[in-house]
Amino acid sequence: MTTQEIAPTDDFGIAEASRTNLWKDAVARLAANKLAVIGIIPIILLFFIAIFGPYLTPYDFLAQDFTARLAAPSSEHWLGTDELGRDVFSRILYGARTAVAVGLVSTAISLIVGLIMGSLAGYLGGRVDMLVVWLTDMTRSMPALLLAIVINLTLKVPLEAWMEQMYLATKNGFFRQTMWVDLVLVFGALALIQWPGYARLIRGQILSIRSRNYVLAARALGMPTGRILTRYVIPNAMGPLIVAVSAGLGGAMVLESAFSFLGVGVQLPIPSWGKMISDGLRMWQTHPYLLAGPAVMMAIITVSFAWLGDGLNDALNPRQWGG
Amino acid sequence: MSVLLDVQDLQTRFQVRKGHVYAVNGVSFQLDQGETLAVVGESGCGKSVTMLSLVRLLPPAASIESGQVLLRGEDLLQLNLRQLRDVRGGEIGMIFQDPMTSLNPFINIGTQMAEPLIYHRGMSKSEALARSAELLEMVGIPDGAARLREYPHQFSGGMRQRVMIAMSMSCEPAVLIADEPTTALDVTIQAQIVELVKELRDRSGVAVIWITHDLSVVAGIADRVIVMYAGYIVEEAPVDALFEDPRHPYTVGLMGALPSLAGETGTRLTTIGGSPPDLVDLPEFCPFHPRCPYAIDRCRKENPMLEPVIDAGDGGHRAACWVDIREVELEAGAAAGSV
């Protein structure tokens, strides 16, 4: 470690000590991890595209070029066009928006639910703990995709009917946008599938950290509970959580694609990689680029998140640091 | 010397599925100012639980059923949590068994050491860090200021225990409770830690309660010794009296299990037969009688109280046993002689 070589004896050096912290070290460790750095680049690019994509694309995702239907990749259409003459490259860039939005929102929802349920279970223990564990077991025992399909099939029609009713009652144009029903269902299903993982992780973290010796030692030094939580429990729980979120973001994007592939994902007009893969699969023998574009994109992002997650795990786990 | 800490009839038990674990059963003892009291006994005899009970640092399943813990006349068991926090760290410092896991791996040593100083002594961060650097030097970690910015994993076990000691002593407590602080360390480091605590004690006048199952450490550091068995104090004596003239069969057993450099070579160490009692289902009356070679009928009918032994010295030698084992030994010797 470089910090060992620095040996300041002046007052400034002492004050400096408090500023050398875990996060700085973790960033340095992450930067030294080649795979993680390679993984970060596509992820940053993905977020950039998701935000600025519409300004970068050569064509609108709906613009049809009937003269060039199912065109092979060319200088005009980098990744070719689909059967409606829409530019595949532009649609992939738009698809990044779907992927990022779905990944972030569904992860955020499941993380919040998981945090609340997990901490309740970990802190309160007893019956609350048993209930939460039972709920997570129940949810996890159901196949994820089947659950999503069931949710979509059973809730979509009543939700749309309710939206129509609300529209008739209020004449508010918002209730005519059935896209929201899709989004709610997709986010809801993703969150439902993912929250048990976070809840179990946080519960386990809290249970194990609560009984660590350093927590006892801090209590023996008379530190107040709030300080112990913020300085001892939470930082020690963060590492695994950050790793899980990083992996979970990639996982959520893949799941969303799987939903779209099966026709229970976000429906048009927003392009989704999963839907594109599903459409492309029908003609993969004659027009493989329709499948290849989104599939390769999906693969790069998934691998990137996995590498970043691994790198974060190494960077945030001081027990693995050589010293 | 005046009494600093006065523990009266302390009882702690754990709620478990099959009933209660009776971990501490009516323990009373006193600690004088500047005194070093050793608490010895096998694993699971209630040493640690007794000490954790003093500052109510027990796990959720445990409850203190009765008793008083008077620190300078103030009952710690009656304090609210806020007052108790001022006592923890401020009046009573603690060191624990496993230094490897007693420091928060995510915060550097400086920040960790500074926190109690900021909290208890109202120091500013830079003052607290400067003081922490001094404390590190005081516990024998050279170049303290530089090491403040390091993380626990950069310290060895012995060094971490030194840091723990520095932290527990940082607010100048009146009592230092050391819960087997040398058990997890190798022998050379053990001796250094014992020396360090002795040195700090002599310099600051802190009273020390040293929990251990290592009688050789006791001989080197303690003024007085309490022997615990199954949550009871079975013998209490000044350190010399205990080693020269143990009066409880359990203490005798412990002494017999101690290897000696002076003894004959090639002889087996004696052991105490059987195993420590199940604290859920304690033997009736004297807890030691199932393992005791001296047990008489009375041991199974009445629980012996901790009472001064026959011809006890000034130090207050007390034991909880119905049998005067010296007499038994004498008779046995006489019987063997007459045959």
# chains A, B, ... in the order shown; residues from 1 in each chain; ligands from 1
$ residues_around --residues "region 63-67 of chain B" --least-positions-apart "6" --cutoff "6 Å" --atoms "only C-alpha atoms" --output "PyMOL selection string"
chain B and resi 8-13
$ write_last_selection --atoms "C-alpha atoms" --output "tab-separated table (two decimals), in the first residue's frame"
chain	number	residue	atom	x	y	z
B	8	GLN	CA	-24.12	-7.68	44.56
B	9	ASP	CA	-25.99	-10.90	43.82
B	10	LEU	CA	-25.83	-10.59	40.06
B	11	GLN	CA	-27.97	-13.10	38.16
B	12	THR	CA	-28.04	-13.34	34.39
B	13	ARG	CA	-29.80	-15.91	32.33
$ select_by_dssp --residues "region 222-293 of chain B" --states "strand (DSSP E or B)" --output "PyMOL selection string"
chain B and resi 224-229+232-238
$ interface_residues --of "chain B" --to "chain A" --cutoff "6 Å" --atoms "only C-alpha atoms" --output "VMD selection string"
chain B and resid 85 88 to 89 101 to 104 111 126 146 149 154
$ residues_around --residues "Leu312 (chain A)" --least-positions-apart "3" --cutoff "10 Å" --atoms "only C-alpha atoms" --output "PyMOL selection string"
chain A and resi 26-27+29-30+33+36+239-240+242-244+246+306-309+315-317
$ residues_around --residues "region 197-214 of chain B" --least-positions-apart "3" --cutoff "6 Å" --atoms "only C-alpha atoms" --output "list in words"
Gln33, Gly34, Glu35, Thr36, Leu37, Ala38, Val39, Val40, Gly41, Ala174, Val175, Leu176, Ile177, Ala178, Asp179, Glu180, Val194 and Val217 of chain B
$ write_last_selection --atoms "all heavy atoms" --output "tab-separated table (two decimals), in the first residue's frame"
chain	number	residue	atom	x	y	z
B	33	GLN	N	-10.06	0.43	44.31
B	33	GLN	CA	-9.39	1.34	43.39
B	33	GLN	C	-7.96	0.84	43.11
B	33	GLN	O	-7.25	0.47	44.04
B	33	GLN	CB	-9.33	2.75	43.99
B	33	GLN	CG	-10.01	3.76	43.12
B	33	GLN	CD	-10.81	4.76	43.92
B	33	GLN	OE1	-10.56	4.97	45.10
B	33	GLN	NE2	-11.76	5.39	43.28
B	34	GLY	N	-7.58	0.81	41.86
B	34	GLY	CA	-6.22	0.45	41.49
B	34	GLY	C	-5.89	-1.03	41.64
B	34	GLY	O	-4.75	-1.44	41.43
B	35	GLU	N	-6.88	-1.82	41.98
B	35	GLU	CA	-6.63	-3.24	42.21
B	35	GLU	C	-6.73	-4.04	40.90
B	35	GLU	O	-7.43	-3.64	39.97
B	35	GLU	CB	-7.68	-3.78	43.19
B	35	GLU	CG	-7.47	-5.21	43.61
B	35	GLU	CD	-8.65	-5.74	44.40
B	35	GLU	OE1	-9.80	-5.29	44.18
B	35	GLU	OE2	-8.44	-6.63	45.23
B	36	THR	N	-6.03	-5.16	40.85
B	36	THR	CA	-6.18	-6.05	39.71
B	36	THR	C	-6.80	-7.35	40.18
B	36	THR	O	-6.25	-8.05	41.03
B	36	THR	CB	-4.83	-6.34	39.03
B	36	THR	OG1	-4.28	-5.11	38.61
B	36	THR	CG2	-5.03	-7.24	37.82
B	37	LEU	N	-7.97	-7.63	39.63
B	37	LEU	CA	-8.72	-8.81	40.02
B	37	LEU	C	-8.74	-9.77	38.84
B	37	LEU	O	-9.11	-9.39	37.73
B	37	LEU	CB	-10.15	-8.39	40.38
B	37	LEU	CG	-11.13	-9.50	40.71
B	37	LEU	CD1	-10.80	-10.12	42.05
B	37	LEU	CD2	-12.56	-8.96	40.72
B	38	ALA	N	-8.31	-10.98	39.06
B	38	ALA	CA	-8.37	-11.98	37.99
B	38	ALA	C	-9.60	-12.84	38.18
B	38	ALA	O	-9.97	-13.17	39.31
B	38	ALA	CB	-7.12	-12.84	38.01
B	39	VAL	N	-10.26	-13.17	37.09
B	39	VAL	CA	-11.41	-14.07	37.13
B	39	VAL	C	-11.04	-15.28	36.29
B	39	VAL	O	-10.78	-15.16	35.10
B	39	VAL	CB	-12.67	-13.38	36.56
B	39	VAL	CG1	-13.86	-14.33	36.64
B	39	VAL	CG2	-12.97	-12.10	37.33
B	40	VAL	N	-10.98	-16.45	36.95
B	40	VAL	CA	-10.58	-17.65	36.20
B	40	VAL	C	-11.68	-18.69	36.24
B	40	VAL	O	-12.59	-18.65	37.06
B	40	VAL	CB	-9.27	-18.26	36.76
B	40	VAL	CG1	-8.12	-17.30	36.66
B	40	VAL	CG2	-9.45	-18.72	38.20
B	41	GLY	N	-11.56	-19.62	35.32
B	41	GLY	CA	-12.56	-20.68	35.21
B	41	GLY	C	-12.55	-21.25	33.80
B	41	GLY	O	-11.96	-20.66	32.89
B	174	ALA	N	-11.97	4.27	34.93
B	174	ALA	CA	-11.57	3.87	36.28
B	174	ALA	C	-11.37	2.36	36.35
B	174	ALA	O	-10.62	1.87	37.18
B	174	ALA	CB	-12.64	4.30	37.28
B	175	VAL	N	-12.09	1.64	35.47
B	175	VAL	CA	-12.00	0.18	35.46
B	175	VAL	C	-11.70	-0.28	34.03
B	175	VAL	O	-12.29	0.22	33.07
B	175	VAL	CB	-13.34	-0.46	35.91
B	175	VAL	CG1	-13.21	-1.98	35.94
B	175	VAL	CG2	-13.79	0.07	37.25
B	176	LEU	N	-10.77	-1.21	33.92
B	176	LEU	CA	-10.50	-1.81	32.62
B	176	LEU	C	-10.86	-3.29	32.72
B	176	LEU	O	-10.31	-4.01	33.55
B	176	LEU	CB	-9.03	-1.65	32.23
B	176	LEU	CG	-8.61	-2.30	30.92
B	176	LEU	CD1	-9.24	-1.58	29.74
B	176	LEU	CD2	-7.09	-2.32	30.77
B	177	ILE	N	-11.80	-3.74	31.91
B	177	ILE	CA	-12.16	-5.15	31.91
B	177	ILE	C	-11.51	-5.80	30.71
B	177	ILE	O	-11.76	-5.43	29.56
B	177	ILE	CB	-13.70	-5.34	31.84
B	177	ILE	CG1	-14.36	-4.69	33.06
B	177	ILE	CG2	-14.03	-6.82	31.77
B	177	ILE	CD1	-15.87	-4.75	33.04
B	178	ALA	N	-10.62	-6.74	30.98
B	178	ALA	CA	-9.90	-7.41	29.91
B	178	ALA	C	-10.42	-8.84	29.81
B	178	ALA	O	-10.18	-9.66	30.67
B	178	ALA	CB	-8.40	-7.40	30.21
B	179	ASP	N	-11.18	-9.11	28.75
B	179	ASP	CA	-11.82	-10.42	28.61
B	179	ASP	C	-10.92	-11.33	27.77
B	179	ASP	O	-10.97	-11.31	26.55
B	179	ASP	CB	-13.19	-10.23	27.94
B	179	ASP	CG	-13.99	-11.52	27.93
B	179	ASP	OD1	-13.43	-12.56	28.29
B	179	ASP	OD2	-15.17	-11.47	27.55
B	180	GLU	N	-10.12	-12.13	28.43
B	180	GLU	CA	-9.17	-13.03	27.79
B	180	GLU	C	-8.40	-12.34	26.66
B	180	GLU	O	-8.41	-12.81	25.52
B	180	GLU	CB	-9.90	-14.27	27.24
B	180	GLU	CG	-10.70	-14.97	28.32
B	180	GLU	CD	-10.96	-16.43	27.98
B	180	GLU	OE1	-10.11	-17.02	27.31
B	180	GLU	OE2	-12.01	-16.95	28.40
B	194	VAL	N	0.52	-8.63	28.45
B	194	VAL	CA	0.39	-8.62	29.91
B	194	VAL	C	1.27	-7.51	30.49
B	194	VAL	O	0.83	-6.71	31.34
B	194	VAL	CB	0.79	-9.99	30.50
B	194	VAL	CG1	0.86	-9.90	32.03
B	194	VAL	CG2	-0.21	-11.05	30.08
B	217	VAL	N	-0.84	-16.59	33.76
B	217	VAL	CA	-1.00	-15.15	33.60
B	217	VAL	C	-1.45	-14.53	34.91
B	217	VAL	O	-0.98	-13.47	35.32
B	217	VAL	CB	-2.00	-14.84	32.46
B	217	VAL	CG1	-2.32	-13.36	32.42
B	217	VAL	CG2	-1.44	-15.29	31.12
$ atom_distance --atom1 "CA of Phe155 (chain B)" --atom2 "CA of Lys47 (chain B)"
28.4 Å
$ residues_around --residues "Gly250 (chain A)" --least-positions-apart "5" --cutoff "7 Å" --atoms "only C-alpha atoms" --output "MDAnalysis selection string"
chainID A and resid 301:302 305
$ write_last_selection --atoms "all heavy atoms" --output "compact mmCIF listing (two decimals), in the first residue's frame"
# COMPACT_ATOMS: atom_id res chain seq x y z
N ILE A 301 -23.00 -5.76 -22.79
CA ILE A 301 -23.44 -5.08 -21.57
C ILE A 301 -23.47 -6.05 -20.38
O ILE A 301 -23.02 -5.74 -19.29
CB ILE A 301 -24.83 -4.44 -21.80
CG1 ILE A 301 -24.71 -3.32 -22.83
CG2 ILE A 301 -25.40 -3.91 -20.49
CD1 ILE A 301 -23.72 -2.24 -22.47
N THR A 302 -23.99 -7.26 -20.63
CA THR A 302 -24.07 -8.23 -19.54
C THR A 302 -22.69 -8.56 -19.00
O THR A 302 -22.45 -8.55 -17.78
CB THR A 302 -24.74 -9.52 -20.03
OG1 THR A 302 -25.88 -9.17 -20.78
CG2 THR A 302 -25.16 -10.39 -18.88
N PHE A 305 -21.18 -5.66 -17.01
CA PHE A 305 -21.70 -5.55 -15.64
C PHE A 305 -21.11 -6.63 -14.74
O PHE A 305 -20.79 -6.39 -13.59
CB PHE A 305 -23.23 -5.62 -15.63
CG PHE A 305 -23.87 -4.27 -15.76
CD1 PHE A 305 -24.58 -3.92 -16.90
CD2 PHE A 305 -23.77 -3.34 -14.73
CE1 PHE A 305 -25.16 -2.67 -17.01
CE2 PHE A 305 -24.36 -2.10 -14.84
CZ PHE A 305 -25.06 -1.76 -15.99
$ residues_around --residues "Gly251 (chain A)" --least-positions-apart "6" --cutoff "12 Å" --atoms "only C-alpha atoms" --output "short mmCIF file (atom, residue, chain, number, x, y, z; two decimals) with all heavy atoms, in the first residue's frame"
data_model
loop_
_atom_site.label_atom_id
_atom_site.label_comp_id
_atom_site.auth_asym_id
_atom_site.auth_seq_id
_atom_site.Cartn_x
_atom_site.Cartn_y
_atom_site.Cartn_z
N ALA A 99 -33.37 -0.37 -21.98
CA ALA A 99 -32.58 -1.22 -21.11
C ALA A 99 -32.19 -0.48 -19.83
O ALA A 99 -32.35 -0.99 -18.71
CB ALA A 99 -31.34 -1.72 -21.84
N VAL A 100 -31.66 0.74 -20.00
CA VAL A 100 -31.19 1.50 -18.83
C VAL A 100 -32.36 1.87 -17.92
O VAL A 100 -32.29 1.70 -16.70
CB VAL A 100 -30.42 2.76 -19.28
CG1 VAL A 100 -30.21 3.69 -18.11
CG2 VAL A 100 -29.09 2.35 -19.89
N VAL A 102 -35.30 0.44 -17.64
CA VAL A 102 -35.83 -0.75 -16.96
C VAL A 102 -34.86 -1.20 -15.87
O VAL A 102 -35.25 -1.48 -14.75
CB VAL A 102 -36.09 -1.88 -17.97
CG1 VAL A 102 -36.40 -3.18 -17.23
CG2 VAL A 102 -37.23 -1.51 -18.88
N GLY A 103 -33.56 -1.24 -16.23
CA GLY A 103 -32.56 -1.68 -15.26
C GLY A 103 -32.57 -0.81 -14.03
O GLY A 103 -32.67 -1.30 -12.89
N LEU A 104 -32.49 0.51 -14.21
CA LEU A 104 -32.39 1.42 -13.08
C LEU A 104 -33.66 1.41 -12.24
O LEU A 104 -33.61 1.26 -11.02
CB LEU A 104 -32.11 2.85 -13.56
CG LEU A 104 -30.68 3.14 -14.01
CD1 LEU A 104 -30.54 4.61 -14.40
CD2 LEU A 104 -29.69 2.81 -12.91
N SER A 106 -36.28 -0.71 -12.15
CA SER A 106 -36.67 -1.96 -11.48
C SER A 106 -35.69 -2.30 -10.36
O SER A 106 -36.08 -2.78 -9.30
CB SER A 106 -36.77 -3.11 -12.48
OG SER A 106 -35.48 -3.54 -12.84
N THR A 107 -34.40 -2.02 -10.58
CA THR A 107 -33.43 -2.27 -9.52
C THR A 107 -33.70 -1.35 -8.33
O THR A 107 -33.63 -1.79 -7.17
CB THR A 107 -32.00 -2.08 -10.03
OG1 THR A 107 -31.79 -2.93 -11.15
CG2 THR A 107 -30.98 -2.43 -8.97
N ALA A 144 -39.02 -17.31 -12.52
CA ALA A 144 -39.13 -15.87 -12.76
C ALA A 144 -39.97 -15.56 -14.00
O ALA A 144 -40.89 -14.75 -13.95
CB ALA A 144 -37.73 -15.29 -12.90
N LEU A 190 -40.40 -7.27 -12.62
CA LEU A 190 -38.95 -7.32 -12.37
C LEU A 190 -38.65 -7.11 -10.89
O LEU A 190 -37.83 -7.82 -10.31
CB LEU A 190 -38.23 -6.25 -13.19
CG LEU A 190 -37.98 -6.62 -14.66
CD1 LEU A 190 -37.54 -5.40 -15.44
CD2 LEU A 190 -36.92 -7.71 -14.75
N ALA A 191 -39.32 -6.13 -10.30
CA ALA A 191 -39.08 -5.84 -8.89
C ALA A 191 -39.50 -7.03 -8.03
O ALA A 191 -38.80 -7.41 -7.09
CB ALA A 191 -39.84 -4.59 -8.47
N ILE A 193 -39.49 -10.09 -8.87
CA ILE A 193 -38.53 -11.18 -9.01
C ILE A 193 -37.25 -10.87 -8.25
O ILE A 193 -36.63 -11.74 -7.68
CB ILE A 193 -38.24 -11.43 -10.51
CG1 ILE A 193 -39.47 -12.04 -11.18
CG2 ILE A 193 -37.03 -12.33 -10.69
CD1 ILE A 193 -39.41 -11.98 -12.68
N GLN A 194 -36.86 -9.60 -8.24
CA GLN A 194 -35.54 -9.27 -7.73
C GLN A 194 -35.47 -8.92 -6.24
O GLN A 194 -34.43 -9.05 -5.63
CB GLN A 194 -34.95 -8.12 -8.54
CG GLN A 194 -34.58 -8.56 -9.94
CD GLN A 194 -34.00 -7.42 -10.72
OE1 GLN A 194 -34.59 -6.35 -10.82
NE2 GLN A 194 -32.83 -7.63 -11.26
N GLY A 197 -33.84 -11.29 -3.45
CA GLY A 197 -32.39 -11.40 -3.42
C GLY A 197 -31.78 -10.31 -2.55
O GLY A 197 -30.95 -10.56 -1.68
N ALA A 244 -23.94 -6.52 -5.56
CA ALA A 244 -25.20 -7.13 -5.95
C ALA A 244 -25.98 -6.21 -6.89
O ALA A 244 -26.59 -6.66 -7.85
CB ALA A 244 -26.04 -7.45 -4.71
N VAL A 245 -25.94 -4.89 -6.61
CA VAL A 245 -26.66 -3.95 -7.46
C VAL A 245 -26.04 -3.92 -8.85
O VAL A 245 -26.74 -3.92 -9.86
CB VAL A 245 -26.68 -2.55 -6.83
CG1 VAL A 245 -27.13 -1.51 -7.83
CG2 VAL A 245 -27.59 -2.54 -5.61
N SER A 257 -35.20 -8.13 -21.46
CA SER A 257 -35.10 -8.65 -22.83
C SER A 257 -35.82 -9.97 -22.95
O SER A 257 -36.51 -10.23 -23.94
CB SER A 257 -33.64 -8.83 -23.21
OG SER A 257 -33.03 -7.58 -23.34
N ALA A 258 -35.67 -10.80 -21.90
CA ALA A 258 -36.34 -12.09 -21.93
C ALA A 258 -37.85 -11.90 -21.95
O ALA A 258 -38.57 -12.57 -22.70
CB ALA A 258 -35.93 -12.92 -20.71
N MET A 298 -26.37 -6.80 -26.20
CA MET A 298 -26.83 -7.39 -24.95
C MET A 298 -25.67 -8.11 -24.25
O MET A 298 -25.44 -7.95 -23.05
CB MET A 298 -27.92 -8.40 -25.32
CG MET A 298 -28.68 -8.94 -24.16
SD MET A 298 -30.02 -7.84 -23.77
CE MET A 298 -29.51 -7.35 -22.18
N ALA A 299 -24.95 -8.91 -25.05
CA ALA A 299 -23.86 -9.71 -24.49
C ALA A 299 -22.79 -8.80 -23.91
O ALA A 299 -22.30 -9.02 -22.79
CB ALA A 299 -23.27 -10.62 -25.56
N ILE A 301 -23.00 -5.76 -22.79
CA ILE A 301 -23.44 -5.08 -21.57
C ILE A 301 -23.47 -6.05 -20.38
O ILE A 301 -23.02 -5.74 -19.29
CB ILE A 301 -24.83 -4.44 -21.80
CG1 ILE A 301 -24.71 -3.32 -22.83
CG2 ILE A 301 -25.40 -3.91 -20.49
CD1 ILE A 301 -23.72 -2.24 -22.47
N THR A 302 -23.99 -7.26 -20.63
CA THR A 302 -24.07 -8.23 -19.54
C THR A 302 -22.69 -8.56 -19.00
O THR A 302 -22.45 -8.55 -17.78
CB THR A 302 -24.74 -9.52 -20.03
OG1 THR A 302 -25.88 -9.17 -20.78
CG2 THR A 302 -25.16 -10.39 -18.88
N VAL A 303 -21.76 -8.83 -19.93
CA VAL A 303 -20.40 -9.18 -19.51
C VAL A 303 -19.76 -7.99 -18.79
O VAL A 303 -19.09 -8.15 -17.77
CB VAL A 303 -19.56 -9.62 -20.73
CG1 VAL A 303 -18.09 -9.72 -20.35
CG2 VAL A 303 -20.06 -10.94 -21.26
N SER A 304 -20.00 -6.79 -19.29
CA SER A 304 -19.42 -5.60 -18.66
C SER A 304 -19.88 -5.47 -17.22
O SER A 304 -19.09 -5.20 -16.32
CB SER A 304 -19.82 -4.34 -19.43
OG SER A 304 -19.33 -4.41 -20.73
N PHE A 305 -21.18 -5.66 -17.01
CA PHE A 305 -21.70 -5.55 -15.64
C PHE A 305 -21.11 -6.63 -14.74
O PHE A 305 -20.79 -6.39 -13.59
CB PHE A 305 -23.23 -5.62 -15.63
CG PHE A 305 -23.87 -4.27 -15.76
CD1 PHE A 305 -24.58 -3.92 -16.90
CD2 PHE A 305 -23.77 -3.34 -14.73
CE1 PHE A 305 -25.16 -2.67 -17.01
CE2 PHE A 305 -24.36 -2.10 -14.84
CZ PHE A 305 -25.06 -1.76 -15.99
N ALA A 306 -20.94 -7.82 -15.31
CA ALA A 306 -20.36 -8.90 -14.51
C ALA A 306 -18.93 -8.56 -14.11
O ALA A 306 -18.53 -8.74 -12.96
CB ALA A 306 -20.41 -10.21 -15.29
N GLY A 309 -18.93 -5.83 -11.57
CA GLY A 309 -19.34 -6.39 -10.28
C GLY A 309 -18.20 -7.11 -9.58
O GLY A 309 -17.94 -6.91 -8.40
#
$ atom_distance --atom1 "CA of Phe243 (chain B)" --atom2 "CA of Thr50 (chain B)"
23.4 Å
$ residues_around --residues "Tyr22 (chain B)" --least-positions-apart "6" --cutoff "8 Å" --atoms "only C-alpha atoms" --output "number ranges by chain"
B: 12-14, 231, 279-280, 282
$ write_last_selection --atoms "C-alpha atoms" --output "mmCIF file, in the first residue's frame"
data_model
loop_
_atom_site.group_PDB
_atom_site.id
_atom_site.type_symbol
_atom_site.label_atom_id
_atom_site.label_comp_id
_atom_site.auth_asym_id
_atom_site.auth_seq_id
_atom_site.Cartn_x
_atom_site.Cartn_y
_atom_site.Cartn_z
ATOM 1 C CA THR B 12 -28.038 -13.342 34.392
ATOM 2 C CA ARG B 13 -29.800 -15.909 32.328
ATOM 3 C CA PHE B 14 -30.447 -16.615 28.665
ATOM 4 C CA GLY B 231 -21.978 -19.257 37.083
ATOM 5 C CA LEU B 279 -26.116 -24.559 32.333
ATOM 6 C CA VAL B 280 -29.678 -25.332 31.256
ATOM 7 C CA LEU B 282 -27.528 -27.447 36.581
#
$ atom_distance --atom1 "CA of Ser74 (chain A)" --atom2 "CA of Leu291 (chain A)"
16.3 Å
